$ cat final-v3.txt   # compact mmCIF, N, CA and C atoms
# COMPACT_ATOMS: atom_id res chain seq x y z
N MET A 1 94.41 139.97 112.92
CA MET A 1 94.01 138.93 111.98
C MET A 1 94.76 139.14 110.67
N ARG A 2 95.40 138.08 110.21
CA ARG A 2 96.15 138.14 108.96
C ARG A 2 95.40 137.33 107.90
N PRO A 3 95.09 137.94 106.75
CA PRO A 3 94.41 137.18 105.69
C PRO A 3 95.34 136.15 105.06
N LEU A 4 94.76 135.10 104.51
CA LEU A 4 95.52 134.05 103.85
C LEU A 4 95.62 134.35 102.36
N VAL A 5 96.80 134.08 101.79
CA VAL A 5 97.01 134.20 100.35
C VAL A 5 97.42 132.81 99.87
N LEU A 6 96.63 132.23 98.98
CA LEU A 6 96.90 130.88 98.49
C LEU A 6 97.66 130.96 97.17
N THR A 7 98.87 130.42 97.15
CA THR A 7 99.65 130.39 95.92
C THR A 7 99.11 129.26 95.02
N PRO A 8 99.35 129.36 93.72
CA PRO A 8 98.91 128.27 92.82
C PRO A 8 99.50 126.91 93.23
N LYS A 9 100.76 126.90 93.68
CA LYS A 9 101.38 125.64 94.11
C LYS A 9 100.62 125.06 95.30
N PHE A 10 100.25 125.92 96.26
CA PHE A 10 99.50 125.44 97.42
C PHE A 10 98.15 124.88 96.98
N GLN A 11 97.47 125.56 96.08
CA GLN A 11 96.16 125.11 95.62
C GLN A 11 96.25 123.74 94.95
N ARG A 12 97.28 123.53 94.13
CA ARG A 12 97.47 122.21 93.48
C ARG A 12 97.76 121.15 94.53
N ALA A 13 98.67 121.45 95.45
CA ALA A 13 99.04 120.49 96.49
C ALA A 13 97.84 120.17 97.38
N PHE A 14 97.01 121.18 97.67
CA PHE A 14 95.82 120.97 98.50
C PHE A 14 94.85 120.02 97.81
N ARG A 15 94.56 120.27 96.54
CA ARG A 15 93.64 119.39 95.80
C ARG A 15 94.17 117.95 95.75
N LYS A 16 95.45 117.80 95.48
CA LYS A 16 96.07 116.48 95.41
C LYS A 16 96.04 115.77 96.77
N PHE A 17 96.36 116.52 97.82
CA PHE A 17 96.40 115.95 99.17
C PHE A 17 95.01 115.53 99.63
N VAL A 18 94.01 116.38 99.39
CA VAL A 18 92.64 116.09 99.81
C VAL A 18 92.07 114.92 99.01
N LYS A 19 92.47 114.79 97.75
CA LYS A 19 92.00 113.66 96.94
C LYS A 19 92.45 112.34 97.56
N ARG A 20 93.67 112.32 98.09
CA ARG A 20 94.20 111.12 98.73
C ARG A 20 93.70 110.94 100.16
N ASN A 21 93.36 112.05 100.81
CA ASN A 21 92.98 112.03 102.23
C ASN A 21 91.70 112.83 102.44
N ALA A 22 90.60 112.40 101.85
CA ALA A 22 89.35 113.16 101.89
C ALA A 22 88.88 113.41 103.31
N ASP A 23 89.18 112.50 104.23
CA ASP A 23 88.73 112.66 105.61
C ASP A 23 89.44 113.81 106.32
N LEU A 24 90.54 114.31 105.76
CA LEU A 24 91.27 115.40 106.40
C LEU A 24 90.80 116.78 105.95
N GLN A 25 89.97 116.87 104.92
CA GLN A 25 89.60 118.17 104.38
C GLN A 25 88.99 119.09 105.44
N GLN A 26 88.08 118.57 106.25
CA GLN A 26 87.45 119.38 107.30
C GLN A 26 88.49 119.91 108.28
N ARG A 27 89.41 119.04 108.70
CA ARG A 27 90.44 119.46 109.66
C ARG A 27 91.35 120.52 109.04
N ILE A 28 91.69 120.37 107.78
CA ILE A 28 92.55 121.35 107.10
C ILE A 28 91.85 122.70 107.03
N GLU A 29 90.57 122.70 106.67
CA GLU A 29 89.82 123.95 106.59
C GLU A 29 89.72 124.63 107.96
N GLU A 30 89.54 123.84 109.01
CA GLU A 30 89.51 124.41 110.36
C GLU A 30 90.87 124.99 110.73
N THR A 31 91.93 124.31 110.34
CA THR A 31 93.28 124.80 110.61
C THR A 31 93.53 126.12 109.89
N LEU A 32 93.09 126.22 108.64
CA LEU A 32 93.26 127.46 107.88
C LEU A 32 92.50 128.61 108.54
N GLN A 33 91.30 128.33 109.03
CA GLN A 33 90.53 129.37 109.74
C GLN A 33 91.27 129.80 111.01
N GLN A 34 91.81 128.83 111.74
CA GLN A 34 92.56 129.14 112.96
C GLN A 34 93.81 129.96 112.63
N MET A 35 94.47 129.64 111.52
CA MET A 35 95.67 130.38 111.11
C MET A 35 95.33 131.85 110.87
N GLU A 36 94.18 132.11 110.26
CA GLU A 36 93.77 133.50 110.01
C GLU A 36 93.56 134.26 111.31
N ILE A 37 92.99 133.58 112.29
CA ILE A 37 92.70 134.22 113.58
C ILE A 37 93.99 134.42 114.38
N ASP A 38 94.77 133.33 114.55
CA ASP A 38 96.02 133.39 115.32
C ASP A 38 96.95 132.29 114.84
N VAL A 39 97.88 132.66 113.98
CA VAL A 39 98.78 131.68 113.39
C VAL A 39 99.72 131.06 114.42
N PHE A 40 99.86 131.71 115.58
CA PHE A 40 100.75 131.20 116.61
C PHE A 40 100.00 130.52 117.75
N ALA A 41 98.75 130.13 117.52
CA ALA A 41 97.98 129.40 118.54
C ALA A 41 98.73 128.11 118.88
N PRO A 42 98.79 127.76 120.16
CA PRO A 42 99.56 126.58 120.57
C PRO A 42 99.15 125.28 119.87
N ASN A 43 97.86 125.11 119.58
CA ASN A 43 97.42 123.86 118.96
C ASN A 43 97.91 123.70 117.53
N LEU A 44 98.40 124.76 116.90
CA LEU A 44 98.92 124.66 115.53
C LEU A 44 100.37 124.19 115.51
N GLY A 45 101.09 124.39 116.58
CA GLY A 45 102.49 123.97 116.61
C GLY A 45 103.34 124.72 115.59
N THR A 46 103.06 126.00 115.39
CA THR A 46 103.80 126.80 114.42
C THR A 46 105.26 126.91 114.82
N HIS A 47 106.15 126.68 113.84
CA HIS A 47 107.58 126.78 114.11
C HIS A 47 108.32 127.22 112.86
N LYS A 48 109.49 127.84 113.08
CA LYS A 48 110.34 128.29 111.98
C LYS A 48 111.08 127.09 111.41
N LEU A 49 111.34 127.18 110.11
CA LEU A 49 112.07 126.11 109.43
C LEU A 49 113.51 126.56 109.17
N SER A 50 114.37 125.59 108.94
CA SER A 50 115.76 125.89 108.66
C SER A 50 116.19 125.11 107.42
N GLY A 51 117.45 125.21 107.09
CA GLY A 51 117.96 124.50 105.92
C GLY A 51 117.45 125.13 104.63
N LYS A 52 117.04 124.29 103.68
CA LYS A 52 116.60 124.81 102.39
C LYS A 52 115.29 125.60 102.49
N LEU A 53 114.56 125.44 103.59
CA LEU A 53 113.31 126.18 103.81
C LEU A 53 113.49 127.30 104.83
N ASP A 54 114.74 127.73 105.04
CA ASP A 54 115.04 128.79 105.99
C ASP A 54 114.24 130.05 105.66
N GLY A 55 113.66 130.65 106.68
CA GLY A 55 112.86 131.85 106.48
C GLY A 55 111.37 131.56 106.37
N LEU A 56 111.02 130.29 106.22
CA LEU A 56 109.62 129.90 106.14
C LEU A 56 109.18 129.33 107.49
N GLN A 57 107.88 129.13 107.62
CA GLN A 57 107.34 128.55 108.84
C GLN A 57 106.41 127.41 108.47
N SER A 58 106.10 126.60 109.46
CA SER A 58 105.24 125.44 109.25
C SER A 58 104.32 125.28 110.44
N CYS A 59 103.14 124.72 110.17
CA CYS A 59 102.25 124.35 111.27
C CYS A 59 101.63 123.00 110.94
N SER A 60 101.08 122.40 111.96
CA SER A 60 100.50 121.07 111.84
C SER A 60 98.99 121.16 111.71
N CYS A 61 98.42 120.31 110.86
CA CYS A 61 96.96 120.25 110.76
C CYS A 61 96.51 118.79 110.83
N GLY A 62 97.07 118.11 111.80
CA GLY A 62 96.74 116.71 111.97
C GLY A 62 97.99 115.89 112.15
N TYR A 63 97.82 114.61 112.29
CA TYR A 63 98.94 113.72 112.60
C TYR A 63 100.08 113.86 111.60
N ASP A 64 99.83 113.69 110.31
CA ASP A 64 100.90 113.78 109.32
C ASP A 64 100.49 114.72 108.19
N CYS A 65 100.16 115.94 108.57
CA CYS A 65 99.79 116.96 107.60
C CYS A 65 100.45 118.26 108.03
N ARG A 66 101.23 118.84 107.14
CA ARG A 66 101.93 120.09 107.45
C ARG A 66 101.57 121.15 106.41
N ILE A 67 101.50 122.40 106.85
CA ILE A 67 101.30 123.54 105.96
C ILE A 67 102.55 124.41 106.08
N VAL A 68 103.18 124.68 104.94
CA VAL A 68 104.36 125.55 104.89
C VAL A 68 103.90 126.92 104.41
N PHE A 69 104.35 127.96 105.11
CA PHE A 69 103.89 129.31 104.78
C PHE A 69 104.94 130.34 105.15
N SER A 70 104.71 131.56 104.71
CA SER A 70 105.53 132.69 105.14
C SER A 70 104.59 133.82 105.54
N ILE A 71 105.08 134.68 106.40
CA ILE A 71 104.32 135.87 106.79
C ILE A 71 105.02 137.05 106.12
N GLU A 72 104.29 137.73 105.26
CA GLU A 72 104.87 138.81 104.48
C GLU A 72 104.02 140.06 104.60
N GLU A 73 104.60 141.18 104.20
CA GLU A 73 103.86 142.44 104.24
C GLU A 73 103.25 142.70 102.87
N ASN A 74 101.96 143.01 102.86
CA ASN A 74 101.28 143.40 101.63
C ASN A 74 101.72 144.82 101.31
N SER A 75 102.37 145.01 100.17
CA SER A 75 102.94 146.32 99.84
C SER A 75 101.86 147.39 99.65
N GLU A 76 100.66 146.99 99.27
CA GLU A 76 99.60 147.98 99.06
C GLU A 76 98.97 148.43 100.37
N THR A 77 98.67 147.48 101.25
CA THR A 77 97.96 147.82 102.49
C THR A 77 98.89 147.98 103.69
N ARG A 78 100.15 147.63 103.53
CA ARG A 78 101.12 147.68 104.63
C ARG A 78 100.71 146.81 105.81
N SER A 79 99.92 145.77 105.55
CA SER A 79 99.52 144.85 106.61
C SER A 79 100.11 143.48 106.31
N GLU A 80 100.22 142.66 107.34
CA GLU A 80 100.80 141.33 107.16
C GLU A 80 99.77 140.36 106.58
N VAL A 81 100.26 139.47 105.71
CA VAL A 81 99.44 138.40 105.15
C VAL A 81 100.18 137.08 105.33
N ILE A 82 99.43 136.00 105.36
CA ILE A 82 100.02 134.66 105.45
C ILE A 82 99.98 134.07 104.05
N VAL A 83 101.16 133.82 103.48
CA VAL A 83 101.25 133.27 102.14
C VAL A 83 101.43 131.76 102.26
N LEU A 84 100.40 131.01 101.85
CA LEU A 84 100.44 129.55 101.94
C LEU A 84 101.21 129.01 100.74
N LEU A 85 102.25 128.22 101.03
CA LEU A 85 103.16 127.77 99.98
C LEU A 85 103.01 126.30 99.63
N ASP A 86 102.78 125.45 100.63
CA ASP A 86 102.72 124.01 100.36
C ASP A 86 101.95 123.32 101.47
N ILE A 87 101.41 122.16 101.13
CA ILE A 87 100.73 121.32 102.11
C ILE A 87 100.99 119.87 101.74
N GLY A 88 101.12 119.03 102.75
CA GLY A 88 101.33 117.61 102.49
C GLY A 88 101.83 116.92 103.74
N THR A 89 102.30 115.70 103.56
CA THR A 89 102.87 114.97 104.69
C THR A 89 104.23 115.57 105.05
N HIS A 90 104.72 115.19 106.19
CA HIS A 90 106.03 115.67 106.65
C HIS A 90 107.09 115.47 105.56
N ASP A 91 107.16 114.28 104.99
CA ASP A 91 108.19 113.98 104.00
C ASP A 91 107.97 114.73 102.69
N GLU A 92 106.73 115.02 102.33
CA GLU A 92 106.45 115.71 101.08
C GLU A 92 106.88 117.18 101.11
N VAL A 93 106.65 117.85 102.23
CA VAL A 93 106.90 119.29 102.27
C VAL A 93 108.30 119.66 102.74
N TYR A 94 108.98 118.75 103.47
CA TYR A 94 110.32 119.07 103.94
C TYR A 94 111.31 118.48 103.01
$ encode --input "final-v3.txt" --output "structure tokens"
Amino acid sequence: MRPLVLTPKFQRAFRKFVKRNADLQQRIEETLQQMEIDVFAPNLGTHKLSGKLDGLQSCSCGYDCRIVFSIEENSETRSEVIVLLDIGTHDEVY
């Protein structure tokens, strides 16, 4: 299990996205819980990104909702964490 780390940018994007799409909040929260348990679960559609987002990964949390993140090592605990970087529609995050 990898804990989630929410960046300030992700928190702002989350609030803005949920304000526009209130009906998606429950699905997003369920997706975040699933990411903590198994970020590579098939239903998340986790995949590596390329181009300007090379080195990052993305997963789906609904029809047109993407979460961009990286998996990094916590220098203090030497364990992996999921750093949430951005959330939004396909066009917003890519």
$ closest_atom_pairs --input "final-v3.txt" --of "region 51-76 of chain A" --to "region 27-30 of chain A" --cutoff "12 Å" --atoms "only C-alpha atoms" --output "tab-separated table"
residue	atom	partner	partner_atom	distance
A:Cys59	CA	A:Ile28	CA	11.0
A:Ser60	CA	A:Ile28	CA	9.3
A:Cys61	CA	A:Ile28	CA	5.8
A:Gly62	CA	A:Arg27	CA	7.3
A:Tyr63	CA	A:Arg27	CA	10.7
A:Asp64	CA	A:Ile28	CA	11.5
A:Cys65	CA	A:Ile28	CA	8.5
A:Arg66	CA	A:Ile28	CA	9.5
A:Ile67	CA	A:Ile28	CA	9.1
$ write_last_selection --input "final-v3.txt" --atoms "N, CA and C atoms" --output "PDB file, keeping the file's coordinate frame"
ATOM      1  N   CYS A  59     103.140 124.720 110.170  1.00  0.00           N
ATOM      2  CA  CYS A  59     102.250 124.350 111.270  1.00  0.00           C
ATOM      3  C   CYS A  59     101.630 123.000 110.940  1.00  0.00           C
ATOM      4  N   SER A  60     101.080 122.400 111.960  1.00  0.00           N
ATOM      5  CA  SER A  60     100.500 121.070 111.840  1.00  0.00           C
ATOM      6  C   SER A  60      98.990 121.160 111.710  1.00  0.00           C
ATOM      7  N   CYS A  61      98.420 120.310 110.860  1.00  0.00           N
ATOM      8  CA  CYS A  61      96.960 120.250 110.760  1.00  0.00           C
ATOM      9  C   CYS A  61      96.510 118.790 110.830  1.00  0.00           C
ATOM     10  N   GLY A  62      97.070 118.110 111.800  1.00  0.00           N
ATOM     11  CA  GLY A  62      96.740 116.710 111.970  1.00  0.00           C
ATOM     12  C   GLY A  62      97.990 115.890 112.150  1.00  0.00           C
ATOM     13  N   TYR A  63      97.820 114.610 112.290  1.00  0.00           N
ATOM     14  CA  TYR A  63      98.940 113.720 112.600  1.00  0.00           C
ATOM     15  C   TYR A  63     100.080 113.860 111.600  1.00  0.00           C
ATOM     16  N   ASP A  64      99.830 113.690 110.310  1.00  0.00           N
ATOM     17  CA  ASP A  64     100.900 113.780 109.320  1.00  0.00           C
ATOM     18  C   ASP A  64     100.490 114.720 108.190  1.00  0.00           C
ATOM     19  N   CYS A  65     100.160 115.940 108.570  1.00  0.00           N
ATOM     20  CA  CYS A  65      99.790 116.960 107.600  1.00  0.00           C
ATOM     21  C   CYS A  65     100.450 118.260 108.030  1.00  0.00           C
ATOM     22  N   ARG A  66     101.230 118.840 107.140  1.00  0.00           N
ATOM     23  CA  ARG A  66     101.930 120.090 107.450  1.00  0.00           C
ATOM     24  C   ARG A  66     101.570 121.150 106.410  1.00  0.00           C
ATOM     25  N   ILE A  67     101.500 122.400 106.850  1.00  0.00           N
ATOM     26  CA  ILE A  67     101.300 123.540 105.960  1.00  0.00           C
ATOM     27  C   ILE A  67     102.550 124.410 106.080  1.00  0.00           C
TER      28      ILE A  67
END
$ atom_distance --input "final-v3.txt" --atom1 "CA of Leu44 (chain A)" --atom2 "atom C of Thr31 (chain A)"
7.9 Å
$ atom_distance --input "final-v3.txt" --atom1 "CA of Ile37 (chain A)" --atom2 "CA of Gly51 (chain A)"
28.1 Å
$ residues_around --input "final-v3.txt" --residues "Asp86 (chain A)" --least-positions-apart "6" --cutoff "6.5 Å" --atoms "all atoms listed in the file" --output "PyMOL selection string"
chain A and resi 9-10+13+66-69+93
$ write_last_selection --input "final-v3.txt" --atoms "N, CA and C atoms" --output "mmCIF file, keeping the file's coordinate frame"
data_model
loop_
_atom_site.group_PDB
_atom_site.id
_atom_site.type_symbol
_atom_site.label_atom_id
_atom_site.label_comp_id
_atom_site.auth_asym_id
_atom_site.auth_seq_id
_atom_site.Cartn_x
_atom_site.Cartn_y
_atom_site.Cartn_z
ATOM 1 N N LYS A 9 100.760 126.900 93.680
ATOM 2 C CA LYS A 9 101.380 125.640 94.110
ATOM 3 C C LYS A 9 100.620 125.060 95.300
ATOM 4 N N PHE A 10 100.250 125.920 96.260
ATOM 5 C CA PHE A 10 99.500 125.440 97.420
ATOM 6 C C PHE A 10 98.150 124.880 96.980
ATOM 7 N N ALA A 13 98.670 121.450 95.450
ATOM 8 C CA ALA A 13 99.040 120.490 96.490
ATOM 9 C C ALA A 13 97.840 120.170 97.380
ATOM 10 N N ARG A 66 101.230 118.840 107.140
ATOM 11 C CA ARG A 66 101.930 120.090 107.450
ATOM 12 C C ARG A 66 101.570 121.150 106.410
ATOM 13 N N ILE A 67 101.500 122.400 106.850
ATOM 14 C CA ILE A 67 101.300 123.540 105.960
ATOM 15 C C ILE A 67 102.550 124.410 106.080
ATOM 16 N N VAL A 68 103.180 124.680 104.940
ATOM 17 C CA VAL A 68 104.360 125.550 104.890
ATOM 18 C C VAL A 68 103.900 126.920 104.410
ATOM 19 N N PHE A 69 104.350 127.960 105.110
ATOM 20 C CA PHE A 69 103.890 129.310 104.780
ATOM 21 C C PHE A 69 104.940 130.340 105.150
ATOM 22 N N VAL A 93 106.650 117.850 102.230
ATOM 23 C CA VAL A 93 106.900 119.290 102.270
ATOM 24 C C VAL A 93 108.300 119.660 102.740
#
$ closest_residue --input "final-v3.txt" --among "A:Ala41, A:Ile71, A:Leu32, A:Ile82" --to "Phe14 (chain A)" --atoms "only C-alpha atoms"
A:Leu32
$ atom_distance --input "final-v3.txt" --atom1 "atom N of Gly45 (chain A)" --atom2 "atom N of Gln57 (chain A)"
12.2 Å
$ axis_aligned_box --input "final-v3.txt" --around "region 25-28 of chain A" --padding-each-side "5 Å" --output "lines of an AutoDock Vina configuration file"
center_x = 90.0
center_y = 119.8
center_z = 107.0
size_x = 15.1
size_y = 15.8
size_z = 15.3
$ residues_around --input "final-v3.txt" --residues "Val5 (chain A)" --least-positions-apart "6" --cutoff "12 Å" --atoms "only C-alpha atoms" --output "list in words"
Gln11, Leu32, Met35, Glu36, Phe69, Ser70, Ile71, Glu72, Glu73, Asn74, Glu80, Val81, Ile82, Val83, Leu84, Leu85 and Asp86 of chain A
$ closest_residue --input "final-v3.txt" --among "A:Ile87, A:Val18, A:Val39, A:Leu24" --to "Pro3 (chain A)" --atoms "only C-alpha atoms"
A:Val39
$ closest_residue --input "final-v3.txt" --among "A:Pro42, A:Arg2, A:Leu53, A:Gly88" --to "Asn21 (chain A)" --atoms "only C-alpha atoms"
A:Gly88
$ select_by_dssp --input "final-v3.txt" --residues "chain A" --states "helix (DSSP H, G or I)" --output "PyMOL selection string"
chain A and resi 8-20+22-37+42-44+51-53+90-93
